[in-house]
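Enquirer: Below: one structure in structure tokens.
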Amino acid sequence: MSMLGLRKTGCGIEVYSCDTQKTHGTLRMSATRPGNDSFYSPVTLEPSCMLQEESDTKLTWVNDRLHVCASLNLKDSCYGYSARLHVQGSGCTIIRLIWELPDDNTYFPFVPAFMYGDNKGGASPWSTYPQLEFSGDRSYHKPWAAGEWLVRTDRSSHGFTSMIGSSYAYAMGGRDICLYADGSTAQKTGIGVSTSQLHRISFSLGYCNVPYTYSTVSGRNYFCRPDGYVNLDKGDVTADIHLYIKSNTDFFSSISELLRKYYWLSHDAVIGEGTVKEAVDAIAQALVDYGYCKEAKNYHITLSDRAESINQDKEYSFNSAWAGGLRTAYPLLAAGYALSNPLWVECARAVLDNIAKNAVSAESGLFFENYELGKNQWNTQGWWYRMLENPGHSGYINGQVCFYLILAWKYEKKLGSEQELWLSSAIKVLNKIMAEQGDDGRFGYTYNEKDGTILDGDGFSGCWFIPALALLYQVTGEKVYLKAAQRAMDFYRTFVKSFNVYGGPHDIFKSPDEEGILGWIRAAHILHAATGEQQYMEDLTAGLEYEFSWKFSYNVANEIDPLKWKKWCSTGGSVTSVNNSHIHPMGSSVLGSIAYAAEKTGDRYLMSRLQDTIQWTLTTYLHYDGDYDWGKKGMINERFCYTDSLINERYPDGSPASTWFCAHSWASGAVLEGLVEMLEGQSL
């Protein structure tokens with residue numbers, strides 16, 4: 001017998017608990033026809049019929065004037081309802097199922113990979129990413145802040161929208177397309193999340209972008225009327241959806257359970273290409289052939305797609321980490337040893353030696369982040385510098401430099417080669433960082449270029465110092481490093497448990513993001529391996545739960561080449577942030593940590609996520625010259641456009657492309673790091 005009941009009330013259908021009569025909100029249906037700004041005055045459909053047979057219920061809404069009839073066939077499930085939304089009639093329309101939720105001042109709006117709470121993050125004054133902010137009416141001067149967001153379902157990595165309350169979690173979602181009776185695609189579907197007056201979530205046949213099509217591309221950020229109608233003149237349209245209701249007592253566990261449920265409901269397989277060994281060989285060789293600059297002893301940030309100019313007209317700015325540098329050099333070093341290729345080892349060592357020897361500032365005691373080849377100058381002014389509220393040394397990059405230097409030292413030490421400079425330069429910087437560690441355990445987002453003191457301590461960037469300190473404890477046994485790492489874990493744990501990880505990479509204006517959690521995952525992995533303490537396994541799995549909220553559980557319906565003709569799979573790929581809505585390979589770098597957690601816990605879910613990520617990672621690189629319509633074999637792009645945002649690349653004929661036609665050395669490094677760990681059994 002169902003624990004939930006339904007009853008007609010006014011223009012909607014009330015959902016309630018049969019045993020307590022507690023209401024769980026009201027289901028309503030609306031229709032929108034093409035018209036000038038018409039979405040802001042949608043027509044409400046009247047509930048006309050409710051038929052119940054055992055565990056099945058059919059609800060029907062109609063509007064005779066619009067000639068539209070929508071029905072919802074509900075089946076009881078352990079989490080609420082599985083349902084089929086069906087619409088028939090004439091003309092072009094968007095049918096929207098709206099779930100108005102009970103009053104609860106504690107709701108945490110959650111649309112994985114799109115909306116994390118109100119999305120305010122670090123509240124950067126330059127933020128323009130989607131934020132939930134109810135102001136009473138539309139704000140034309142600040143369109144990225146609105147009380148309700150309506151977008152395509154494929155903006156969500158799991159296809160759902162939700163509200164997490166103090167007592168219950170509510171969610172609704174389904175596939176990113178709706179279908180005609182013959183199985184052909186009618187249109188993309190849509191989801192919504194709102195804090196305007198009433199808290200509500202929604203799912204629609206057809207979609208719209210309100211208040212605007214979020215994109216960092218100039219000219220695409222505008223208020224728009226709906227543009228994703230289904231054409232009922234071509235036939236009836238249907239979509240299968242899931243309505244989720246679950247009581248909860250713990251916020252983090254509630255989100256974790258919700259993500260896991262929708263993962264299994266929506267999961268698609270990934271069609272991988274080739275083997276791990278083949279991928280490592282192709283990617284590493286391309287890095288050496290095309291990505292390495294002998295003069296700078298570093299890797300180019302970006303490589304052109306044009307074969308005739310692939311070694312010309314490249315930028316003369318080189319990074320110490322993050323977008324190149326050691327984020328690329330260490331994985332290449334490991335690949336060289338794993339596949340016995342001395343050329344790769346030599347290339348990687350040159351970068352490690354160069355940064356360890358030359359990149360430490362005499363004034364601040366920290367690593368410089370940027371090298372200008374034309375000026376033969378190390379400085380802090382990387383391409384992201386002007387995006388910082390308090391510009392200076394980067395905690396994000398300094399943490400990564402220290403981590404990869406120690407990791408490379410440990411790797412070579414194990415093979416009998418002593419690279420003392422790598423270790424000593426990292427220790428020098430980490431000692432300075434520990435001296436500046438906040439009383440609450442935090443490290444800096446940015447540091448002063450003159451004396452190395454913290455300029456800005458808000459955000460998750462400094463978390464990258466934790467895996468470096470944990471690794472240093474592991475190789476030296478000195479507890480001062482362990483204690484500093486533990487204090488920092490205690491501070492940053494609050495971010496993770498509240499699903500509010502923001503302020504990682506510096507080009508996203510402190511928005512909630514995916515990249516920052518990778519440092520936490522590495523730290524928890526190393527600390528658990530070094531100490532055996534259960535807390536760090538819990539930290540590792542918590543970090544993975546957050547990471548997986550950005551990782552697709554299903555394959556989107558690709559609309560634009562080259563992803564369309566490639567039949568590209570989104571399952572296993574992670575979205576970068578709410579500011580940059582594209583999938584990138586950064587999540588592949590922690591394959592070893594996912595495998596470690598899956599092995600230690602025996603969790604079937606973690607193992608499935610691991611297989612998704614491995615198979616997706618094998619699709620990222622060019623398997624032959626011109627694969628993905630650009631570049632050379634082994635190159636990797638940082639951008640896979642899975643939805644209707646950031647489509648700014650163009651083919652020669654002017655038609656849009658769903659990837660960039662260029663390579664990025666950091667992307668190659670991230671993929672190599674994860675795949676080499678798969679070859680070697682996830683050792684750190």
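Residue names in the structure tokens use chain letters A, B, ... in the order shown, residue numbers from 1 in each chain, and ligand numbers from 1 in the order shown.
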Which residues in range 127-181 of chain A does DSSP call strand (DSSP E or B)? List them as an MDAnalysis selection string.
Expert: chainID A and resid 131:132 145:146 148:152 160:164 168:174 177:180
Enquirer: List as a ChimeraX atom specification the protein and nucleic acid residues near Leu205 in chain A, meaning an atom at most 12 Å away when only C-alpha atoms are counted, but skip any in the same chain fewer than 2 places from it.
Expert: /A:29-32,70,84-88,92-98,151-153,173-180,185-192,202-203,207-208,228-232,236-241
Enquirer: Give the helix (DSSP H, G or I) residues of range 222-291 of chain A, as assigned by DSSP on the backbone, as a ChimeraX atom specification.
Expert: /A:232-234,251-266,276-291
Enquirer: For CA of Ala296 in chain A and CA of Phe318 in chain A, quote the distance in Å rounded to one decimal.
Expert: 7.6 Å
Enquirer: When you count only C-alpha atoms, which of these residues is closest to Met115 in chain A: A:Glu418, A:Glu638, A:Gln534, A:Ser549?
Expert: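 Smallest distance to Met115 in chain A is found for A:Ser549.
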Enquirer: For Leu430 in chain A, list every protein, DNA or RNA residue within 12 Å, evaluated using only C-alpha atoms, and leave out those in the same chain fewer than 2 positions away; present the list as a PyMOL selection string.
Expert: chain A and resi 360+365-367+395+398-403+405-406+423-428+432-437+443+452+462+464-473+480-481+484-485
Enquirer: When you draw a straight line from CA of Ser361 in chain A to CA of Phe460 in chain A, how long is it in Å?
Expert: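 Value for the CA of Ser361 in chain A-CA of Phe460 in chain A distance: 23.2 Å.
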Enquirer: Which residues are close to Ile636 in chain A, i.e. within 6 Å by only C-alpha atoms, leaving aside same-chain residues fewer than 5 positions away? Reply as an mmCIF file with N, CA and C atoms, in the first residue's frame.
Expert:
```
data_model
loop_
_atom_site.group_PDB
_atom_site.id
_atom_site.type_symbol
_atom_site.label_atom_id
_atom_site.label_comp_id
_atom_site.auth_asym_id
_atom_site.auth_seq_id
_atom_site.Cartn_x
_atom_site.Cartn_y
_atom_site.Cartn_z
ATOM 1 N N TYR A 621 40.793 11.975 -25.720
ATOM 2 C CA TYR A 621 41.908 12.387 -26.572
ATOM 3 C C TYR A 621 41.632 12.073 -28.041
ATOM 4 N N ALA A 663 44.262 22.408 -28.113
ATOM 5 C CA ALA A 663 44.674 21.475 -27.067
ATOM 6 C C ALA A 663 45.142 22.237 -25.837
ATOM 7 N N SER A 668 45.839 17.168 -20.775
ATOM 8 C CA SER A 668 46.624 15.956 -21.012
ATOM 9 C C SER A 668 47.213 15.442 -19.703
#
```
Enquirer: Sorted by chain and rising residue number, list the residues of range 433-507 of chain A at most 10 Å from range 245-252 of chain A (counting only C-alpha atoms), each with its closest atom pair and distance in Å to one decimal, as CSV.
Expert:
```
residue,atom,partner,partner_atom,distance
A:Val496,CA,A:Phe252,CA,8.9
A:Lys497,CA,A:Phe252,CA,5.9
A:Ser498,CA,A:Phe252,CA,6.8
A:Phe499,CA,A:Phe252,CA,7.6
```
Enquirer: Kindly save the residues from that selection, with all heavy atoms included, as a PDB file, in the first residue's frame.
Expert:
```pdb
ATOM      1  N   VAL A 496      32.798  21.017   2.582  1.00  0.00           N
ATOM      2  CA  VAL A 496      32.419  19.773   1.907  1.00  0.00           C
ATOM      3  C   VAL A 496      31.079  19.277   2.419  1.00  0.00           C
ATOM      4  O   VAL A 496      30.185  18.936   1.632  1.00  0.00           O
ATOM      5  CB  VAL A 496      33.504  18.699   2.111  1.00  0.00           C
ATOM      6  CG1 VAL A 496      33.101  17.390   1.422  1.00  0.00           C
ATOM      7  CG2 VAL A 496      34.849  19.182   1.579  1.00  0.00           C
ATOM      8  N   LYS A 497      30.914  19.236   3.743  1.00  0.00           N
ATOM      9  CA  LYS A 497      29.690  18.684   4.321  1.00  0.00           C
ATOM     10  C   LYS A 497      28.466  19.550   4.035  1.00  0.00           C
ATOM     11  O   LYS A 497      27.337  19.065   4.089  1.00  0.00           O
ATOM     12  CB  LYS A 497      29.869  18.508   5.835  1.00  0.00           C
ATOM     13  CG  LYS A 497      30.984  17.560   6.219  1.00  0.00           C
ATOM     14  CD  LYS A 497      30.718  16.126   5.770  1.00  0.00           C
ATOM     15  CE  LYS A 497      29.742  15.435   6.665  1.00  0.00           C
ATOM     16  NZ  LYS A 497      29.609  13.981   6.353  1.00  0.00           N
ATOM     17  N   SER A 498      28.682  20.827   3.731  1.00  0.00           N
ATOM     18  CA  SER A 498      27.555  21.711   3.415  1.00  0.00           C
ATOM     19  C   SER A 498      27.337  21.856   1.912  1.00  0.00           C
ATOM     20  O   SER A 498      26.515  22.659   1.476  1.00  0.00           O
ATOM     21  CB  SER A 498      27.761  23.087   4.045  1.00  0.00           C
ATOM     22  OG  SER A 498      28.939  23.700   3.544  1.00  0.00           O
ATOM     23  N   PHE A 499      28.060  21.069   1.109  1.00  0.00           N
ATOM     24  CA  PHE A 499      27.957  21.133  -0.353  1.00  0.00           C
ATOM     25  C   PHE A 499      28.120  22.570  -0.851  1.00  0.00           C
ATOM     26  O   PHE A 499      27.406  23.042  -1.726  1.00  0.00           O
ATOM     27  CB  PHE A 499      26.626  20.552  -0.833  1.00  0.00           C
ATOM     28  CG  PHE A 499      26.766  19.162  -1.397  1.00  0.00           C
ATOM     29  CD1 PHE A 499      27.165  18.104  -0.589  1.00  0.00           C
ATOM     30  CD2 PHE A 499      26.535  18.900  -2.733  1.00  0.00           C
ATOM     31  CE1 PHE A 499      27.313  16.829  -1.091  1.00  0.00           C
ATOM     32  CE2 PHE A 499      26.685  17.628  -3.252  1.00  0.00           C
ATOM     33  CZ  PHE A 499      27.072  16.585  -2.431  1.00  0.00           C
TER      34      PHE A 499
END
```
Enquirer: Can you tell me how far CA of Ser196 in chain A sits from CA of Phe134 in chain A, in Å to one decimal?
Expert: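 For CA of Ser196 in chain A relative to CA of Phe134 in chain A, the distance reads 5.5 Å.
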Enquirer: For Ala146 in chain A, list every protein, DNA or RNA residue within 7 Å, evaluated using only C-alpha atoms, and leave out those in the same chain fewer than 5 positions away; present the list as a ChimeraX atom specification.
Expert: /A:131-134,138
Enquirer: For Pro102 in chain A, work out the shell of residues within 8 Å, counting only C-alpha atoms and skipping chain neighbours fewer than 3 positions away, then give it as a PyMOL selection string.
Expert: chain A and resi 23-25+199
